[in-house]
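What follows is the content of upload-v6.cif (mmCIF, C-alpha atoms).
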```cif
data_protein
loop_
_atom_site.label_atom_id
_atom_site.label_comp_id
_atom_site.auth_asym_id
_atom_site.auth_seq_id
_atom_site.Cartn_x
_atom_site.Cartn_y
_atom_site.Cartn_z
CA MET A 1046 56.15 -43.42 -39.60
CA SER A 1047 58.60 -43.90 -36.74
CA ALA A 1048 60.56 -47.13 -36.49
CA SER A 1049 58.73 -49.69 -34.35
CA TYR A 1050 61.42 -50.37 -31.76
CA THR A 1051 60.84 -50.20 -28.02
CA LYS A 1052 63.08 -49.75 -25.02
CA ASP A 1053 64.74 -52.98 -23.92
CA SER A 1054 62.66 -53.54 -20.84
CA SER A 1055 59.25 -53.58 -22.53
CA PHE A 1056 57.20 -56.71 -21.97
CA LEU A 1057 57.06 -57.01 -25.76
CA GLY A 1058 60.80 -57.54 -26.12
CA GLY A 1059 62.40 -56.19 -29.32
CA ARG A 1060 59.78 -55.24 -31.90
CA ILE A 1061 56.23 -53.99 -31.52
CA PRO A 1062 53.86 -56.21 -33.53
CA PRO A 1063 51.89 -54.13 -36.07
CA GLU A 1064 48.50 -54.92 -34.51
CA ILE A 1065 49.70 -53.47 -31.20
CA ASP A 1066 51.39 -50.49 -32.83
CA SER A 1067 48.13 -49.47 -34.50
CA LEU A 1068 45.93 -50.34 -31.50
CA SER A 1069 45.80 -46.88 -29.96
CA LYS A 1070 44.73 -45.38 -33.28
CA ASN A 1071 42.09 -48.10 -33.83
CA LEU A 1072 40.70 -47.65 -30.31
CA LYS A 1073 39.36 -44.19 -31.21
CA ASP A 1074 35.55 -44.12 -30.71
CA VAL A 1075 35.65 -47.36 -28.69
CA ASP A 1076 33.96 -46.69 -25.36
CA GLN A 1077 34.83 -48.43 -22.10
CA GLU A 1078 31.85 -50.79 -22.20
CA MET A 1079 32.76 -52.04 -25.66
CA PHE A 1080 36.42 -52.31 -24.69
CA ARG A 1081 35.49 -54.39 -21.65
CA ASN A 1082 33.30 -56.68 -23.75
CA ILE A 1083 36.13 -57.25 -26.20
CA LEU A 1084 38.54 -57.85 -23.33
CA LYS A 1085 36.16 -60.41 -21.84
CA ALA A 1086 35.87 -62.21 -25.18
CA VAL A 1087 39.66 -62.24 -25.64
CA VAL A 1088 40.22 -63.64 -22.14
CA SER A 1089 37.64 -66.31 -22.84
CA ALA A 1090 39.45 -67.24 -26.06
CA LEU A 1091 42.80 -67.40 -24.28
CA GLU A 1092 41.25 -69.78 -21.78
CA GLY A 1093 40.40 -72.08 -24.68
CA LYS A 1094 36.65 -71.48 -24.71
CA ASP A 1095 34.54 -70.98 -27.83
CA GLY A 1096 34.00 -67.21 -28.02
CA ARG A 1097 32.06 -67.01 -31.25
CA GLU A 1098 28.71 -66.02 -29.70
CA GLY A 1099 30.36 -63.27 -27.68
CA MET A 1100 32.19 -61.90 -30.69
CA LYS A 1101 29.03 -61.99 -32.77
CA SER A 1102 27.12 -59.80 -30.31
CA ILE A 1103 30.07 -57.40 -30.06
CA ALA A 1104 30.19 -57.12 -33.87
CA GLU A 1105 26.45 -56.53 -34.06
CA SER A 1106 26.48 -53.69 -31.53
CA SER A 1107 29.78 -52.24 -32.74
CA THR A 1108 30.15 -48.48 -33.06
CA ILE A 1109 33.15 -48.84 -35.37
CA PRO A 1110 33.44 -50.47 -38.80
CA GLN A 1111 33.95 -54.27 -38.80
CA GLU A 1112 37.43 -54.14 -40.25
CA ARG A 1113 38.68 -51.77 -37.59
CA LEU A 1114 36.98 -53.93 -34.95
CA SER A 1115 38.94 -56.97 -36.12
CA HIS A 1116 42.20 -54.99 -35.82
CA VAL A 1117 41.20 -53.93 -32.30
CA VAL A 1118 40.48 -57.53 -31.27
CA ALA A 1119 43.78 -58.68 -32.80
CA GLY A 1120 45.67 -55.94 -30.96
CA ILE A 1121 44.11 -56.66 -27.56
CA TYR A 1122 44.60 -60.39 -28.05
CA ARG A 1123 48.29 -59.85 -28.82
CA VAL A 1124 48.84 -57.50 -25.87
CA LEU A 1125 47.29 -60.00 -23.48
CA SER A 1126 48.97 -63.10 -24.86
CA GLU A 1127 52.39 -61.39 -24.78
CA ALA A 1128 51.77 -60.11 -21.26
CA ILE A 1129 50.79 -63.48 -19.81
CA ARG A 1130 53.83 -65.13 -21.42
CA VAL A 1131 55.99 -63.26 -18.91
CA PRO A 1132 55.82 -64.88 -15.46
CA THR A 1133 54.22 -62.69 -12.80
CA SER A 1134 57.46 -62.72 -10.83
CA SER A 1135 59.29 -60.97 -13.69
CA LEU A 1136 56.67 -58.50 -14.90
CA LYS A 1137 56.04 -55.59 -12.56
CA GLN A 1138 52.69 -53.85 -12.79
CA GLU A 1139 54.12 -50.30 -12.85
CA ALA A 1140 56.54 -51.15 -15.66
CA PHE A 1141 53.76 -52.89 -17.58
CA ARG A 1142 51.47 -49.86 -17.26
CA GLU A 1143 54.33 -47.62 -18.40
CA ASP A 1144 54.82 -49.83 -21.46
CA LEU A 1145 51.13 -49.54 -22.35
CA LYS A 1146 51.24 -45.79 -21.81
CA GLU A 1147 54.13 -45.57 -24.28
CA LEU A 1148 51.90 -47.38 -26.76
CA ARG A 1149 49.40 -44.54 -26.23
CA ILE A 1150 46.68 -46.82 -24.82
CA PRO A 1151 44.13 -44.76 -22.84
CA GLU A 1152 44.57 -44.89 -19.04
CA ASP A 1153 41.17 -46.49 -18.30
CA PHE A 1154 41.86 -49.30 -20.76
CA ILE A 1155 45.31 -49.81 -19.21
CA THR A 1156 43.63 -50.36 -15.85
CA ASP A 1157 41.26 -52.94 -17.34
CA ILE A 1158 44.12 -54.80 -19.04
CA ALA A 1159 46.24 -54.72 -15.90
CA SER A 1160 43.38 -56.15 -13.87
CA VAL A 1161 43.38 -59.20 -16.14
CA VAL A 1162 47.15 -59.66 -16.13
CA PHE A 1163 47.59 -59.12 -12.39
CA GLY A 1164 44.15 -60.03 -11.06
CA ASN A 1165 42.86 -63.27 -9.60
CA ARG A 1166 41.85 -64.66 -12.97
CA ARG A 1167 45.52 -64.88 -13.96
CA ALA A 1168 46.00 -68.31 -12.43
CA ALA A 1169 43.21 -69.77 -14.59
CA LEU A 1170 44.76 -68.12 -17.67
CA ASP A 1171 48.16 -69.58 -16.86
CA ALA A 1172 46.65 -73.04 -16.41
CA ALA A 1173 44.89 -72.79 -19.78
CA THR A 1174 47.99 -71.63 -21.66
CA SER A 1175 50.17 -74.34 -20.17
CA ARG A 1176 47.66 -76.87 -21.49
CA ASN A 1177 48.38 -75.55 -25.00
CA ASP A 1178 52.08 -76.38 -24.86
CA PRO A 1179 53.08 -78.60 -27.76
CA HIS A 1180 53.54 -82.06 -26.36
CA LEU A 1181 53.26 -85.76 -27.18
CA PRO A 1182 50.04 -87.57 -26.29
CA THR A 1183 49.82 -88.06 -22.53
CA LEU A 1184 48.85 -91.12 -20.54
CA GLU A 1185 45.29 -90.73 -19.39
CA ASP A 1186 44.46 -94.12 -17.98
CA LEU A 1187 46.27 -97.33 -17.16
CA LYS A 1188 44.51 -100.62 -16.48
CA TRP A 1189 46.21 -103.89 -15.70
CA ARG A 1190 45.50 -107.53 -15.10
CA VAL A 1191 47.66 -110.34 -13.79
CA ASP A 1192 47.18 -113.53 -15.81
CA VAL A 1193 48.46 -117.06 -15.53
CA ALA A 1194 48.64 -119.05 -18.76
CA ILE A 1195 47.50 -122.56 -17.99
CA SER A 1196 47.89 -124.17 -21.39
CA THR A 1197 48.66 -122.95 -24.89
CA SER A 1198 48.78 -124.35 -28.41
CA SER A 1199 52.54 -124.68 -28.00
CA LEU A 1200 52.90 -125.63 -24.33
CA ALA A 1201 50.59 -128.08 -22.59
CA ARG A 1202 51.52 -126.90 -19.09
CA ALA A 1203 52.68 -123.33 -19.44
CA LEU A 1204 51.91 -121.95 -15.95
CA GLN A 1205 53.53 -118.61 -16.77
CA PRO A 1206 52.36 -115.43 -15.06
CA SER A 1207 52.28 -112.24 -17.06
CA VAL A 1208 50.80 -108.77 -16.81
CA LEU A 1209 48.29 -107.49 -19.32
CA MET A 1210 48.28 -103.71 -19.66
CA GLN A 1211 46.00 -101.27 -21.36
CA MET A 1212 46.98 -97.63 -21.75
CA LYS A 1213 44.61 -94.96 -22.90
CA LEU A 1214 46.32 -91.89 -24.35
CA SER A 1215 45.06 -88.33 -24.59
CA ASP A 1216 44.72 -88.67 -28.37
CA GLY A 1217 42.11 -91.39 -27.85
CA SER A 1218 44.32 -94.31 -28.84
CA PHE A 1219 44.54 -97.51 -26.84
CA HIS A 1220 47.65 -99.62 -26.44
CA ARG A 1221 47.17 -103.12 -25.16
CA PHE A 1222 50.13 -105.39 -24.55
CA GLU A 1223 51.51 -108.14 -22.39
CA VAL A 1224 54.44 -107.69 -20.06
CA PRO A 1225 56.38 -110.85 -19.19
CA VAL A 1226 57.58 -111.05 -15.59
CA SER A 1227 61.23 -110.22 -16.38
CA LYS A 1228 60.23 -107.10 -18.32
CA PHE A 1229 57.88 -106.13 -15.52
CA GLN A 1230 60.78 -106.15 -13.06
CA GLU A 1231 62.71 -103.91 -15.44
CA LEU A 1232 59.70 -101.60 -15.67
CA ARG A 1233 59.38 -101.45 -11.89
CA TYR A 1234 63.07 -100.65 -11.50
CA ASN A 1235 62.91 -97.88 -14.10
CA VAL A 1236 59.80 -96.34 -12.56
CA ALA A 1237 61.63 -96.12 -9.23
CA LEU A 1238 64.66 -94.63 -11.00
CA ILE A 1239 62.53 -91.99 -12.72
CA LEU A 1240 60.91 -91.04 -9.42
CA LYS A 1241 64.32 -90.56 -7.90
CA GLU A 1242 65.46 -88.44 -10.87
CA MET A 1243 62.39 -86.23 -10.60
CA ASN A 1244 63.02 -85.77 -6.90
CA ASP A 1245 66.65 -84.77 -7.56
CA LEU A 1246 65.55 -82.39 -10.31
CA GLU A 1247 63.32 -80.46 -7.94
CA LYS A 1248 66.33 -79.55 -5.86
CA ARG A 1249 68.37 -78.27 -8.81
CA ASN A 1250 68.76 -74.59 -9.54
CA ILE A 1251 67.64 -74.72 -13.14
CA LEU A 1252 64.04 -74.77 -11.97
CA LYS A 1253 64.52 -71.58 -9.99
CA ILE A 1254 65.32 -69.16 -12.84
CA GLN A 1255 64.14 -65.63 -12.11
CA ASP A 1256 64.95 -62.55 -14.22
CA MET B 250 40.63 -109.06 -59.08
CA LEU B 251 38.79 -108.96 -55.79
CA SER B 252 40.39 -111.09 -53.17
CA ILE B 253 40.03 -111.50 -49.47
CA SER B 254 42.46 -112.09 -46.62
CA GLN B 255 43.27 -115.66 -45.67
CA LEU B 256 43.73 -117.16 -42.22
CA VAL B 257 47.21 -118.69 -42.20
CA ASP B 258 47.79 -119.51 -38.55
CA MET B 259 45.94 -119.77 -35.28
CA GLN B 260 47.36 -120.05 -31.79
CA TRP B 261 45.44 -120.27 -28.57
CA LYS B 262 45.94 -119.86 -24.86
CA LEU B 263 43.86 -120.95 -21.92
CA GLY B 264 44.59 -118.67 -19.01
CA MET B 265 43.36 -117.48 -15.66
CA ALA B 266 42.96 -113.79 -14.91
CA VAL B 267 44.07 -113.70 -11.30
CA SER B 268 43.65 -110.06 -10.32
CA SER B 269 43.35 -106.61 -11.88
CA ASP B 270 43.50 -102.92 -11.01
CA THR B 271 39.78 -103.02 -10.26
CA CYS B 272 39.42 -106.48 -8.70
CA ARG B 273 41.79 -108.05 -6.22
CA SER B 274 40.62 -111.62 -6.68
CA LEU B 275 39.31 -112.15 -10.21
CA ASN B 276 39.93 -115.86 -10.75
CA SER B 277 38.33 -115.74 -14.15
CA PRO B 278 39.38 -118.26 -16.83
CA TYR B 279 39.59 -117.10 -20.44
CA VAL B 280 40.64 -118.32 -23.85
CA SER B 281 42.63 -116.02 -26.08
CA LEU B 282 43.22 -116.60 -29.76
CA LEU B 283 45.94 -115.20 -31.96
CA LEU B 284 45.07 -115.24 -35.65
CA LYS B 285 47.63 -114.61 -38.37
CA ILE B 286 45.99 -113.25 -41.47
CA ALA B 287 47.58 -112.87 -44.89
CA GLU B 288 46.19 -109.80 -46.62
CA PRO B 289 45.73 -109.73 -50.42
CA SER B 290 48.89 -107.61 -50.60
CA GLY B 291 50.81 -110.48 -49.00
CA GLN B 292 51.36 -108.64 -45.74
CA ILE B 293 50.68 -110.68 -42.61
CA CYS B 294 48.77 -108.99 -39.84
CA GLN B 295 47.84 -110.30 -36.42
CA ARG B 296 44.55 -110.17 -34.62
CA SER B 297 44.07 -111.38 -31.09
CA PHE B 298 41.03 -111.51 -28.91
CA GLU B 299 39.79 -112.99 -25.67
CA MET B 300 36.71 -114.96 -24.76
CA THR B 301 35.15 -115.94 -21.48
CA ILE B 302 34.34 -119.64 -21.08
CA PRO B 303 30.66 -119.23 -22.11
CA GLN B 304 31.77 -117.14 -25.10
CA PHE B 305 34.27 -119.83 -26.03
CA GLN B 306 31.66 -122.53 -25.75
CA ASN B 307 29.47 -120.59 -28.15
CA PHE B 308 32.50 -120.12 -30.42
CA HIS B 309 33.07 -123.87 -30.36
CA LYS B 310 29.41 -124.52 -31.17
CA GLN B 311 29.62 -122.25 -34.25
CA PHE B 312 32.58 -124.21 -35.57
CA LYS B 313 30.84 -127.53 -34.97
CA GLU B 314 27.91 -126.22 -37.02
CA MET B 315 30.26 -125.04 -39.79
CA ALA B 316 31.96 -128.45 -39.83
CA ALA B 317 28.61 -130.23 -40.02
CA VAL B 318 27.53 -128.14 -43.02
CA MET B 319 30.81 -128.78 -44.84
CA GLU B 320 30.54 -132.56 -44.59
#
```
Just dump the structure as structure tokens.
Amino acid sequence: MSASYTKDSSFLGGRIPPEIDSLSKNLKDVDQEMFRNILKAVVSALEGKDGREGMKSIAESSTIPQERLSHVVAGIYRVLSEAIRVPTSSLKQEAFREDLKELRIPEDFITDIASVVFGNRRAALDAATSRNDPHLPTLEDLKWRVDVAISTSSLARALQPSVLMQMKLSDGSFHRFEVPVSKFQELRYNVALILKEMNDLEKRNILKIQD
Amino acid sequence: MLSISQLVDMQWKLGMAVSSDTCRSLNSPYVSLLLKIAEPSGQICQRSFEMTIPQFQNFHKQFKEMAAVME
């Protein structure tokens, strides 16, 4: 068994994952139609959709034993997810095809894989993977109301304006709170400051990294 | 020993909702209550809620009925 190290410029980086290393061997007896069906199911999974029905029909009509099929799916999934990690500006199609050839993937299958990585479905894939970034709950909805307190149990003539806010987060939680006028001014100021910072950030070079 | 939380404080506010993100000119009066509740563990938690005037009038009626029964 040769050591699983690739040339520096491979889209895989340093080491070849075992499921990719054994992919060419596991693809024996897999015809192009079956390969395309698996590829379709993997793309669907990467887009976040439920691919169980698709996988079930592939398994039922499989020409290879189930265990080998699961290694094939794992290998294709890994190849695709590693390939789409690299931005399209950095990964050149010829180099990518060369990398797959070195992995002894059959030429026809390379073409199919390349058509996913460099085709017009790539934008949708990128959008789906960026949704999977680990992040805090996001703000989904903000409702507000301006109130004036007329009278309270502690002040007969309060006549204080305040803002009532309700935030709905992406994790389903609601946060309802009051914002007194002075805090609201602070909030307004900070929102304007953040907008300015974001504007300045767009001009900075850090956002223009290309390898 | 089963025990239940106790109401320890109640504060109220009569206010006017002037406008909102969905309605420029609301002009809707409301009553909001802030209840402080002592849980069996001793911890105090707060519950607040709002009522429209008709809802508050119904609320008031319930309490009048409760008071009448207790006499």
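When CA of Lys1253 (chain A) is paired with CA of Gly1059 (chain A), their separation reads 24.8 Å.
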Picked residues, the PyMOL selection byres ((chain A) within 10 of (chain B)), expected as a PyMOL selection string: chain A and resi 1187-1201+1203-1210
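Here CA of Glu1185 (chain A) is placed at a distance of 28.4 Å from CA of Ser1126 (chain A).
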Residue contacts of region 1104-1106 of chain A (12 Å, all atoms listed in the file) excluding same-chain residues fewer than 3 positions away, as number ranges by chain: A: 1075-1076, 1078-1079, 1082-1083, 1086, 1097-1101, 1109-1115, 1117-1118
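Across the structure, CA of Thr1174 (chain A) and CA of Glu1092 (chain A) are spaced 7.0 Å apart.
For Arg296 (chain B), the residues within 7 Å (counting all atoms listed in the file, excluding itself and residues fewer than 5 positions away along the chain) are Leu283, Leu284 and Lys285 of chain B.
Closest approach to Thr1108 (chain A) among A:Leu1238, A:Leu1072, A:Ala1172, A:Val1124: A:Leu1072, based on only C-alpha atoms.
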Result set of the PyMOL selection byres ((chain B and resi 256) around 10) on the coordinates above, as a count of residues only: 14
Surrounding residues of Ser1215 (chain A) excluding itself and chain neighbours under 6 positions, 8 Å, only C-alpha atoms, as a list in words: Pro1182, Thr1183, Leu1184 and Glu1185 of chain A
